[in-house]
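Following: one structure in structure tokens, then a few remarks.
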Amino acid sequence: MMNDWQPISTAPLTGERILVYVSPDVKTAWYCNETGLWPHDYSHSEEGEPCNVGFPTHWMPLPERPHFDT
């Protein structure tokens, strides 16, 4: 698993949710091939469209979800 921040130029452009660094914040986002923007999963415009996070400089995969004993 990748643990280091990578340049945004190496980010997956497949719509996969990832962590992105947009100074000074870290957000979840995905690349939209139609617009060339990085929409944020949890912010939406008045029209219901995901809002762009800005221009990220770095990225890393989302961490694995926790595993719970049942």
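Just remember, in the structure tokens the first chain shown is A, the second B, etc., residues are 1-based per chain, and ligands are 1-based in the order shown.
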
I need the residues in chain A that are strand (DSSP E or B) according to DSSP; give them as an MDAnalysis selection string.
chainID A and resid 6:7 18:22 25:29 32 37 39:44 50:52 58:61

Based on the selection just made, write N, CA, C and O atoms of those residues as a CSV table (one decimal), in the first residue's frame.
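Final output, saved to result_3.csv:
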chain,number,residue,atom,x,y,z
A,6,GLN,N,1.7,11.6,-3.2
A,6,GLN,CA,2.2,11.5,-4.6
A,6,GLN,C,1.8,12.8,-5.3
A,6,GLN,O,0.8,13.4,-5.0
A,7,PRO,N,2.6,13.2,-6.3
A,7,PRO,CA,2.2,14.4,-7.1
A,7,PRO,C,0.8,14.1,-7.8
A,7,PRO,O,0.6,13.0,-8.2
A,18,ILE,N,-10.3,9.3,-3.8
A,18,ILE,CA,-8.9,9.4,-3.2
A,18,ILE,C,-8.8,10.5,-2.2
A,18,ILE,O,-9.7,11.4,-2.2
A,19,LEU,N,-7.8,10.6,-1.5
A,19,LEU,CA,-7.5,11.8,-0.7
A,19,LEU,C,-6.7,12.7,-1.5
A,19,LEU,O,-5.8,12.3,-2.2
A,20,VAL,N,-7.0,14.0,-1.5
A,20,VAL,CA,-6.3,15.0,-2.2
A,20,VAL,C,-5.9,16.1,-1.2
A,20,VAL,O,-6.6,16.4,-0.3
A,21,TYR,N,-4.7,16.7,-1.5
A,21,TYR,CA,-4.2,17.8,-0.7
A,21,TYR,C,-4.4,19.1,-1.4
A,21,TYR,O,-3.9,19.3,-2.5
A,22,VAL,N,-5.3,20.0,-0.9
A,22,VAL,CA,-5.5,21.3,-1.4
A,22,VAL,C,-5.2,22.3,-0.3
A,22,VAL,O,-6.0,22.4,0.6
A,25,ASP,N,-5.9,22.0,3.3
A,25,ASP,CA,-6.9,21.0,3.6
A,25,ASP,C,-6.6,19.6,2.9
A,25,ASP,O,-6.0,19.6,1.8
A,26,VAL,N,-7.0,18.6,3.5
A,26,VAL,CA,-7.1,17.2,2.9
A,26,VAL,C,-8.5,16.9,2.8
A,26,VAL,O,-9.3,17.0,3.7
A,27,LYS,N,-8.9,16.5,1.6
A,27,LYS,CA,-10.3,16.1,1.3
A,27,LYS,C,-10.4,14.9,0.5
A,27,LYS,O,-9.4,14.5,-0.2
A,28,THR,N,-11.6,14.2,0.5
A,28,THR,CA,-11.8,13.1,-0.5
A,28,THR,C,-12.4,13.8,-1.8
A,28,THR,O,-13.1,14.7,-1.7
A,29,ALA,N,-11.9,13.2,-2.9
A,29,ALA,CA,-12.4,13.7,-4.2
A,29,ALA,C,-12.2,12.6,-5.2
A,29,ALA,O,-11.6,11.6,-4.9
A,32,CYS,N,-13.1,14.0,-12.5
A,32,CYS,CA,-14.2,14.0,-13.4
A,32,CYS,C,-13.7,14.2,-14.8
A,32,CYS,O,-13.2,15.3,-15.1
A,37,LEU,N,-12.3,18.5,-13.5
A,37,LEU,CA,-12.2,19.0,-12.1
A,37,LEU,C,-12.2,17.9,-11.1
A,37,LEU,O,-12.4,16.7,-11.5
A,39,PRO,N,-14.2,16.9,-8.1
A,39,PRO,CA,-15.4,17.1,-7.2
A,39,PRO,C,-15.1,16.5,-5.9
A,39,PRO,O,-14.5,15.5,-5.7
A,40,HIS,N,-15.7,17.1,-4.9
A,40,HIS,CA,-15.7,16.7,-3.5
A,40,HIS,C,-17.0,15.9,-3.3
A,40,HIS,O,-18.1,16.3,-3.7
A,41,ASP,N,-16.9,14.8,-2.6
A,41,ASP,CA,-18.1,13.9,-2.4
A,41,ASP,C,-19.2,14.5,-1.6
A,41,ASP,O,-20.3,14.1,-1.7
A,42,TYR,N,-18.9,15.4,-0.7
A,42,TYR,CA,-19.9,15.8,0.3
A,42,TYR,C,-20.3,17.3,0.2
A,42,TYR,O,-21.1,17.7,1.0
A,43,SER,N,-19.9,18.0,-0.8
A,43,SER,CA,-20.3,19.4,-1.0
A,43,SER,C,-21.0,19.4,-2.4
A,43,SER,O,-20.5,18.9,-3.4
A,44,HIS,N,-22.2,20.0,-2.4
A,44,HIS,CA,-22.9,20.1,-3.7
A,44,HIS,C,-23.4,21.5,-3.9
A,44,HIS,O,-23.7,22.3,-3.0
A,50,PRO,N,-21.7,18.0,-7.5
A,50,PRO,CA,-20.6,18.0,-6.6
A,50,PRO,C,-19.8,19.2,-6.9
A,50,PRO,O,-19.5,19.6,-8.0
A,51,CYS,N,-19.3,19.9,-5.8
A,51,CYS,CA,-18.4,21.1,-5.9
A,51,CYS,C,-17.0,20.7,-6.1
A,51,CYS,O,-16.5,19.7,-5.5
A,52,ASN,N,-16.3,21.4,-6.9
A,52,ASN,CA,-14.9,21.2,-7.1
A,52,ASN,C,-14.1,21.6,-5.9
A,52,ASN,O,-14.4,22.6,-5.2
A,58,HIS,N,-1.3,17.2,-4.5
A,58,HIS,CA,-0.9,15.8,-4.1
A,58,HIS,C,-2.1,14.9,-3.8
A,58,HIS,O,-3.2,15.4,-3.6
A,59,TRP,N,-1.8,13.6,-3.8
A,59,TRP,CA,-2.9,12.7,-3.6
A,59,TRP,C,-2.3,11.4,-2.9
A,59,TRP,O,-1.1,11.2,-2.9
A,60,MET,N,-3.2,10.6,-2.3
A,60,MET,CA,-2.9,9.3,-1.8
A,60,MET,C,-4.2,8.5,-1.8
A,60,MET,O,-5.3,9.1,-1.7
A,61,PRO,N,-4.1,7.1,-1.8
A,61,PRO,CA,-5.3,6.3,-1.7
A,61,PRO,C,-6.0,6.5,-0.4
A,61,PRO,O,-5.4,6.8,0.6

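In this structure, CA of Ala11 in chain A sits 18.9 Å away from CA of Pro24 in chain A.
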
Find, counting only C-alpha atoms, the residue in A:Thr10, A:Thr35, A:Trp5, A:Phe55 that gets nearest to Ser23 in chain A.
A:Phe55

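Nearest to Ser9 in chain A of all the residues A:Gly36, A:Pro63, A:Thr57, A:Tyr31 is A:Thr57, based on only C-alpha atoms.
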
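Counting only C-alpha atoms, the residue from A:Glu47, A:Phe68, A:Asn33, A:Pro56 that sits nearest to Glu16 in chain A is A:Asn33.
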